[in-house]
Amino acid sequence: AGDLAYPELDHYRWETFMDFLDDYPLAEKVPMHITPGNHDIGKPQNGTQIFAAYEARFRMPRIQAPDLGDYVGPLGTLNMDRPPYPLDYDYGNAYYAFQYGKTHQIFLNSYSAMEPGSKQYEWLVDELERVNRRVTPWLLFTYHVPIYNTFEVHQHDAQMFMMREHIEPLLVRYKVNVVFNGHIHAYERTKPVAFGKVTK
């Protein structure tokens with residue numbers, strides 16, 4: 001669920017991460033589906049390119065070719081603990097969906113625009129409308145920034161508030177079964193929650 005290699009602008013770290021996977025036969029046999037995290041943004045210190053290394057190294061089930069924009073903001077090192085919202089990255093490996101067995105799996109990008117009218121939001125609504133629960137009774141979501149967590153340092157992430165405002169109503173309306181997140185460097189799980197309250 002994101003933050004794959006922690007390259008911190010050192011592309012060799014991407015290569016060592018991929019080499020690490022090669023050491024495990026399981027990685028050759030089990031498909032890996034990913035979603036971008038804040039440490040996958042990869043903006044050069046004095047450049048504007050974002051998510052280029054992440055996009056170049058993987059090929060997820062594409063909706064269409066990636067639409068990679070440039071970072072618009074001050075030059076210098078991007079604060080990975082508080083990346084700005086939104087970042088200009090749509091399609092490609094940013095967000096996508098697929099069916100596997102009795103699951104319909106949807107992967108979102110916590111850093112792409114997600115409000116109504118945005119490419120990601122409009123694609124997501126269309127994708128949710130196509131889910132056939134008789135064929136795929138399990139609806140699973142994966143994205144990096146959790147809507148709920150107990151870590152003080154992540155209680156102010158803009159992406160968390162955007163997810164609560166725009167994505168959580170869809171999760172509830174379409175009765176999503178399970179959500180997987182990254183970002184928080186600890187194992188956390190919750191009882192069923194909707195709009196800040198335990199539902200069961």
# chains A, B, ... in the order shown; residues from 1 in each chain; ligands from 1
>>> select_by_dssp(residues="range 9-192 of chain A", states="alpha helix (DSSP H)", output="ChimeraX atom specification")
/A:11-22,25-29,52-57,119-130,158-162,168-173
>>> residues_around(residues="range 22-38 of chain A", least_positions_apart="3", cutoff="8 Å", atoms="only C-alpha atoms", output="ChimeraX atom specification")
/A:1-4,18-19,41,54,60,80-81,83,93-95,107-111,142-145,182-183
>>> write_last_selection(atoms="N, CA and C atoms", output="mmCIF file, in the first residue's frame")
data_model
loop_
_atom_site.group_PDB
_atom_site.id
_atom_site.type_symbol
_atom_site.label_atom_id
_atom_site.label_comp_id
_atom_site.auth_asym_id
_atom_site.auth_seq_id
_atom_site.Cartn_x
_atom_site.Cartn_y
_atom_site.Cartn_z
ATOM 1 N N ALA A 1 0.826 -1.201 0.000
ATOM 2 C CA ALA A 1 0.000 0.000 0.000
ATOM 3 C C ALA A 1 0.865 1.257 0.000
ATOM 4 N N GLY A 2 1.904 1.240 -0.829
ATOM 5 C CA GLY A 2 2.728 2.439 -1.019
ATOM 6 C C GLY A 2 3.995 2.448 -0.192
ATOM 7 N N ASP A 3 4.844 3.451 -0.485
ATOM 8 C CA ASP A 3 6.176 3.578 0.138
ATOM 9 C C ASP A 3 6.971 2.300 -0.099
ATOM 10 N N LEU A 4 7.231 2.014 -1.354
ATOM 11 C CA LEU A 4 7.811 0.734 -1.724
ATOM 12 C C LEU A 4 9.295 0.630 -1.418
ATOM 13 N N MET A 18 14.272 -3.984 -6.012
ATOM 14 C CA MET A 18 13.877 -4.991 -6.987
ATOM 15 C C MET A 18 14.780 -6.221 -6.884
ATOM 16 N N ASP A 19 16.072 -6.020 -6.656
ATOM 17 C CA ASP A 19 16.989 -7.155 -6.463
ATOM 18 C C ASP A 19 16.608 -7.953 -5.217
ATOM 19 N N ILE A 41 6.875 9.540 -4.462
ATOM 20 C CA ILE A 41 6.690 10.744 -5.274
ATOM 21 C C ILE A 41 7.939 11.024 -6.106
ATOM 22 N N TYR A 54 8.554 5.524 -10.067
ATOM 23 C CA TYR A 54 7.478 4.607 -9.687
ATOM 24 C C TYR A 54 6.714 4.140 -10.923
ATOM 25 N N MET A 60 0.849 -1.832 -13.815
ATOM 26 C CA MET A 60 -0.402 -2.310 -13.229
ATOM 27 C C MET A 60 -1.484 -2.358 -14.316
ATOM 28 N N MET A 80 8.392 15.055 2.678
ATOM 29 C CA MET A 80 7.658 13.803 2.462
ATOM 30 C C MET A 80 6.651 13.512 3.571
ATOM 31 N N ASP A 81 6.812 14.171 4.726
ATOM 32 C CA ASP A 81 5.826 13.985 5.792
ATOM 33 C C ASP A 81 4.569 14.805 5.557
ATOM 34 N N PRO A 83 3.404 16.094 2.051
ATOM 35 C CA PRO A 83 3.371 16.469 0.634
ATOM 36 C C PRO A 83 2.099 17.249 0.323
ATOM 37 N N ASN A 93 -0.130 3.810 -13.234
ATOM 38 C CA ASN A 93 -0.102 3.066 -11.983
ATOM 39 C C ASN A 93 -0.737 3.832 -10.826
ATOM 40 N N ALA A 94 -1.306 4.995 -11.107
ATOM 41 C CA ALA A 94 -1.854 5.827 -10.037
ATOM 42 C C ALA A 94 -3.082 5.182 -9.408
ATOM 43 N N TYR A 95 -4.024 4.736 -10.222
ATOM 44 C CA TYR A 95 -5.229 4.071 -9.725
ATOM 45 C C TYR A 95 -5.767 3.155 -10.817
ATOM 46 N N PHE A 107 -7.660 0.088 -6.452
ATOM 47 C CA PHE A 107 -6.469 0.744 -5.924
ATOM 48 C C PHE A 107 -6.558 2.226 -6.258
ATOM 49 N N LEU A 108 -6.410 3.078 -5.253
ATOM 50 C CA LEU A 108 -6.500 4.532 -5.433
ATOM 51 C C LEU A 108 -5.156 5.194 -5.151
ATOM 52 N N ASN A 109 -5.036 6.429 -5.600
ATOM 53 C CA ASN A 109 -3.857 7.244 -5.306
ATOM 54 C C ASN A 109 -4.254 8.337 -4.316
ATOM 55 N N SER A 110 -3.698 8.272 -3.122
ATOM 56 C CA SER A 110 -4.001 9.268 -2.089
ATOM 57 C C SER A 110 -3.506 10.660 -2.458
ATOM 58 N N TYR A 111 -2.641 10.771 -3.459
ATOM 59 C CA TYR A 111 -2.016 12.061 -3.788
ATOM 60 C C TYR A 111 -2.576 12.694 -5.052
ATOM 61 N N THR A 142 -7.530 -0.522 -1.738
ATOM 62 C CA THR A 142 -6.175 -0.286 -1.257
ATOM 63 C C THR A 142 -5.771 1.127 -1.647
ATOM 64 N N TYR A 143 -5.287 1.887 -0.691
ATOM 65 C CA TYR A 143 -4.697 3.206 -0.948
ATOM 66 C C TYR A 143 -3.775 3.524 0.219
ATOM 67 N N HIS A 144 -2.923 4.509 0.065
ATOM 68 C CA HIS A 144 -1.832 4.709 1.012
ATOM 69 C C HIS A 144 -2.264 5.341 2.339
ATOM 70 N N VAL A 145 -2.858 6.501 2.303
ATOM 71 C CA VAL A 145 -3.145 7.266 3.524
ATOM 72 C C VAL A 145 -4.467 6.807 4.132
ATOM 73 N N GLY A 182 -1.369 1.934 3.919
ATOM 74 C CA GLY A 182 0.024 1.962 4.358
ATOM 75 C C GLY A 182 0.219 3.201 5.213
ATOM 76 N N HIS A 183 1.322 3.909 5.000
ATOM 77 C CA HIS A 183 1.610 5.212 5.588
ATOM 78 C C HIS A 183 1.964 5.150 7.071
#
>>> closest_residue(among="A:His156, A:Lys175, A:Arg164, A:Arg189", to="Pro84 in chain A", atoms="only C-alpha atoms")
A:His156
>>> closest_residue(among="A:Tyr121, A:Phe180, A:Trp138, A:Phe51", to="Ile167 in chain A", atoms="only C-alpha atoms")
A:Tyr121
>>> closest_residue(among="A:Phe195, A:Tyr187, A:Tyr96, A:Tyr12", to="Pro169 in chain A", atoms="only C-alpha atoms")
A:Phe195
>>> atom_distance(atom1="CA of Tyr6 in chain A", atom2="CA of Gln49 in chain A")
16.8 Å
>>> select_by_dssp(residues="chain A", states="strand (DSSP E)", output="VMD selection string")
chain A and resid 67 to 68 89 to 90 96 to 100 103 to 107 138 to 142 178 to 180 193 to 194 197 to 198
>>> residues_around(residues="Ala5 in chain A", least_positions_apart="4", cutoff="7 Å", atoms="only C-alpha atoms", output="list in words")
Arg13, Trp14 and Phe17 of chain A
>>> write_last_selection(atoms="N, CA, C and O atoms", output="compact mmCIF listing (two decimals), in the first residue's frame")
# COMPACT_ATOMS: atom_id res chain seq x y z
N ARG A 13 18.43 2.81 -5.04
CA ARG A 13 17.61 2.13 -4.02
C ARG A 13 16.44 1.39 -4.66
O ARG A 13 16.00 0.37 -4.15
N TRP A 14 15.91 1.94 -5.76
CA TRP A 14 14.87 1.21 -6.47
C TRP A 14 15.44 -0.12 -6.97
O TRP A 14 14.79 -1.16 -6.89
N PHE A 17 15.90 -2.59 -4.18
CA PHE A 17 14.59 -3.11 -3.77
C PHE A 17 14.14 -4.22 -4.71
O PHE A 17 13.71 -5.29 -4.27
>>> closest_residue(among="A:Arg173, A:His39, A:His11, A:His166", to="Ala113 in chain A", atoms="only C-alpha atoms")
A:His166
>>> atom_distance(atom1="CA of Gln120 in chain A", atom2="CA of Asp40 in chain A")
18.3 Å
>>> residues_around(residues="Pro86 in chain A", least_positions_apart="3", cutoff="12 Å", atoms="only C-alpha atoms", output="VMD selection string")
chain A and resid 38 41 50 69 to 73 82 to 83 89 to 90 109 to 115 118 to 120 157 to 160 162 to 163
>>> atom_distance(atom1="CA of Ala186 in chain A", atom2="CA of Gly42 in chain A")
23.1 Å
>>> closest_residue(among="A:Tyr100, A:Phe161, A:Tyr174, A:Tyr91", to="Val131 in chain A", atoms="only C-alpha atoms")
A:Tyr174
